[in-house]
Amino acid sequence: MIRILWDADLILEALMNRQEFTEDVGKILNNVHPLVEMYITDIGWQKIYTYARCLKNTQTAEIILFWLKDKIEVCLVDQHILQTARLLPVRDFESAVEFSCASLYELDAIVTHKPEDFAESTNKLWIWSISELWLRAYLENQLQGSISS
């Protein structure tokens with residue numbers, strides 16, 4: 001089982017059709033491997049929710065949010081996570097909170113479009129881009145195929 005924390009900004013970029021990640025994020029969320037569990041911080045979830053509610057078509061926003069909620073577990077951020085994040089050698093505080101949360105919940109990786117935000121982290125947590133997650137998903141599928149043959 002691989003447990004992944006999604007950087008909220010990556011999902012937000014895809015939701016707002018802002019970058020080249022839109023198609024890849026949608027594909028991954030639609031075709032997630034059964035051995036992959038996906039998470040997001042509650043702060044990240046609130047950020048996505050707030051922006052989605054500002055869209056002109058609130059009905060579409062509600063559908064998207066419902067669809068996301070079905071695929072991604074929400075991790076609660078508490079005072080301990082914030083305190084730990086404050087002490088991490090990660091420049092971006094929001095990234096530090098995600099890193100702290102992933103560490104506390106004993107997740108395996110963070111998927112982000114800005115791996116450089118986590119460059120100074122000292123934990124053994126994997127930091128993956130979308131393309132690295134695609135590669136990992138492909139390898140997992142190949143491994144499962146060879147095991148079941």
# chains A, B, ... in the order shown; residues from 1 in each chain; ligands from 1
call {"tool": "residues_around", "arguments": {"residues": "Ile48 in chain A", "least_positions_apart": "2", "cutoff": "12 Å", "atoms": "only C-alpha atoms", "output": "NGL selection string"}}
result
:A and (6-16 or 40-46 or 50-55 or 61-62 or 64-66 or 68-69)
call {"tool": "select_by_dssp", "arguments": {"residues": "range 9-125 of chain A", "states": "strand (DSSP E)", "output": "list in words"}}
result
Val36, Glu37, Met38, Tyr39, Ile40, Thr41, Ile72, Glu73, Val74, Cys75, Ala109, Ile110 and Val111 of chain A
call {"tool": "closest_atom_pairs", "arguments": {"of": "range 60-117 of chain A", "to": "range 125-146 of chain A", "cutoff": "9 Å", "atoms": "only C-alpha atoms", "output": "CSV"}}
result
residue,atom,partner,partner_atom,distance
A:Phe99,CA,A:Leu125,CA,8.3
A:Ala102,CA,A:Leu125,CA,8.1
A:Ser103,CA,A:Leu125,CA,7.4
A:Glu106,CA,A:Leu125,CA,9.0
A:Leu107,CA,A:Leu125,CA,7.7
A:Asp108,CA,A:Leu125,CA,5.7
A:Ala109,CA,A:Trp126,CA,4.4
A:Ile110,CA,A:Ile127,CA,5.0
A:Val111,CA,A:Trp128,CA,4.8
A:Thr112,CA,A:Ser129,CA,5.3
A:His113,CA,A:Ser129,CA,5.6
A:Lys114,CA,A:Ser129,CA,7.5
A:Pro115,CA,A:Ile127,CA,6.3
call {"tool": "residues_around", "arguments": {"residues": "Asp70 in chain A", "least_positions_apart": "3", "cutoff": "12 Å", "atoms": "only C-alpha atoms", "output": "JSON list (two decimals) with C-alpha atoms, in the first residue's frame"}}
result
[["chain", "number", "residue", "atom", "x", "y", "z"],
["A", 29, "LEU", "CA", -7.53, 10.63, -9.84],
["A", 30, "ASN", "CA", -9.76, 8.67, -12.21],
["A", 37, "GLU", "CA", -4.43, 5.77, -0.85],
["A", 38, "MET", "CA", -4.65, 9.52, -1.42],
["A", 39, "TYR", "CA", -4.74, 12.23, 1.24],
["A", 63, "ILE", "CA", -19.97, 17.83, -8.32],
["A", 64, "ILE", "CA", -16.20, 18.25, -8.53],
["A", 65, "LEU", "CA", -15.86, 18.57, -4.76],
["A", 66, "PHE", "CA", -18.05, 15.51, -4.16],
["A", 67, "TRP", "CA", -15.98, 13.55, -6.69],
["A", 73, "GLU", "CA", -9.02, 11.28, 2.57],
["A", 74, "VAL", "CA", -8.65, 14.49, 4.58]]
call {"tool": "residues_around", "arguments": {"residues": "range 78-92 of chain A", "least_positions_apart": "4", "cutoff": "9 Å", "atoms": "only C-alpha atoms", "output": "MDAnalysis selection string"}}
result
chainID A and resid 96:101 104 117:122
call {"tool": "write_last_selection", "arguments": {"atoms": "N, CA and C atoms", "output": "PDB file, in the first residue's frame"}}
result
ATOM      1  N   ALA A  96       5.687  23.098   4.395  1.00  0.00           N
ATOM      2  CA  ALA A  96       6.139  22.549   5.670  1.00  0.00           C
ATOM      3  C   ALA A  96       4.984  21.890   6.421  1.00  0.00           C
ATOM      4  N   VAL A  97       3.797  22.495   6.370  1.00  0.00           N
ATOM      5  CA  VAL A  97       2.615  21.907   7.013  1.00  0.00           C
ATOM      6  C   VAL A  97       2.277  20.580   6.335  1.00  0.00           C
ATOM      7  N   GLU A  98       2.308  20.554   5.005  1.00  0.00           N
ATOM      8  CA  GLU A  98       2.020  19.304   4.292  1.00  0.00           C
ATOM      9  C   GLU A  98       3.059  18.238   4.645  1.00  0.00           C
ATOM     10  N   PHE A  99       4.318  18.628   4.713  1.00  0.00           N
ATOM     11  CA  PHE A  99       5.382  17.693   5.065  1.00  0.00           C
ATOM     12  C   PHE A  99       5.198  17.162   6.486  1.00  0.00           C
ATOM     13  N   SER A 100       4.914  18.057   7.401  1.00  0.00           N
ATOM     14  CA  SER A 100       4.697  17.672   8.789  1.00  0.00           C
ATOM     15  C   SER A 100       3.497  16.728   8.919  1.00  0.00           C
ATOM     16  N   CYS A 101       2.440  17.046   8.207  1.00  0.00           N
ATOM     17  CA  CYS A 101       1.236  16.225   8.226  1.00  0.00           C
ATOM     18  C   CYS A 101       1.524  14.832   7.655  1.00  0.00           C
ATOM     19  N   LEU A 104       3.576  12.887  10.232  1.00  0.00           N
ATOM     20  CA  LEU A 104       2.792  12.469  11.390  1.00  0.00           C
ATOM     21  C   LEU A 104       1.841  11.321  11.049  1.00  0.00           C
ATOM     22  N   ASP A 117      10.046  23.040  -3.389  1.00  0.00           N
ATOM     23  CA  ASP A 117       9.565  23.553  -2.102  1.00  0.00           C
ATOM     24  C   ASP A 117       9.927  22.624  -0.949  1.00  0.00           C
ATOM     25  N   PHE A 118      10.217  21.354  -1.276  1.00  0.00           N
ATOM     26  CA  PHE A 118      10.508  20.359  -0.248  1.00  0.00           C
ATOM     27  C   PHE A 118      11.983  19.950  -0.253  1.00  0.00           C
ATOM     28  N   ALA A 119      12.803  20.639  -1.036  1.00  0.00           N
ATOM     29  CA  ALA A 119      14.197  20.239  -1.244  1.00  0.00           C
ATOM     30  C   ALA A 119      15.001  20.172   0.053  1.00  0.00           C
ATOM     31  N   GLU A 120      14.667  20.981   1.015  1.00  0.00           N
ATOM     32  CA  GLU A 120      15.452  21.038   2.249  1.00  0.00           C
ATOM     33  C   GLU A 120      14.930  20.120   3.346  1.00  0.00           C
ATOM     34  N   SER A 121      13.896  19.353   3.052  1.00  0.00           N
ATOM     35  CA  SER A 121      13.344  18.460   4.074  1.00  0.00           C
ATOM     36  C   SER A 121      14.349  17.356   4.392  1.00  0.00           C
ATOM     37  N   THR A 122      14.289  16.862   5.610  1.00  0.00           N
ATOM     38  CA  THR A 122      15.288  15.900   6.072  1.00  0.00           C
ATOM     39  C   THR A 122      14.710  14.523   6.336  1.00  0.00           C
TER      40      THR A 122
END
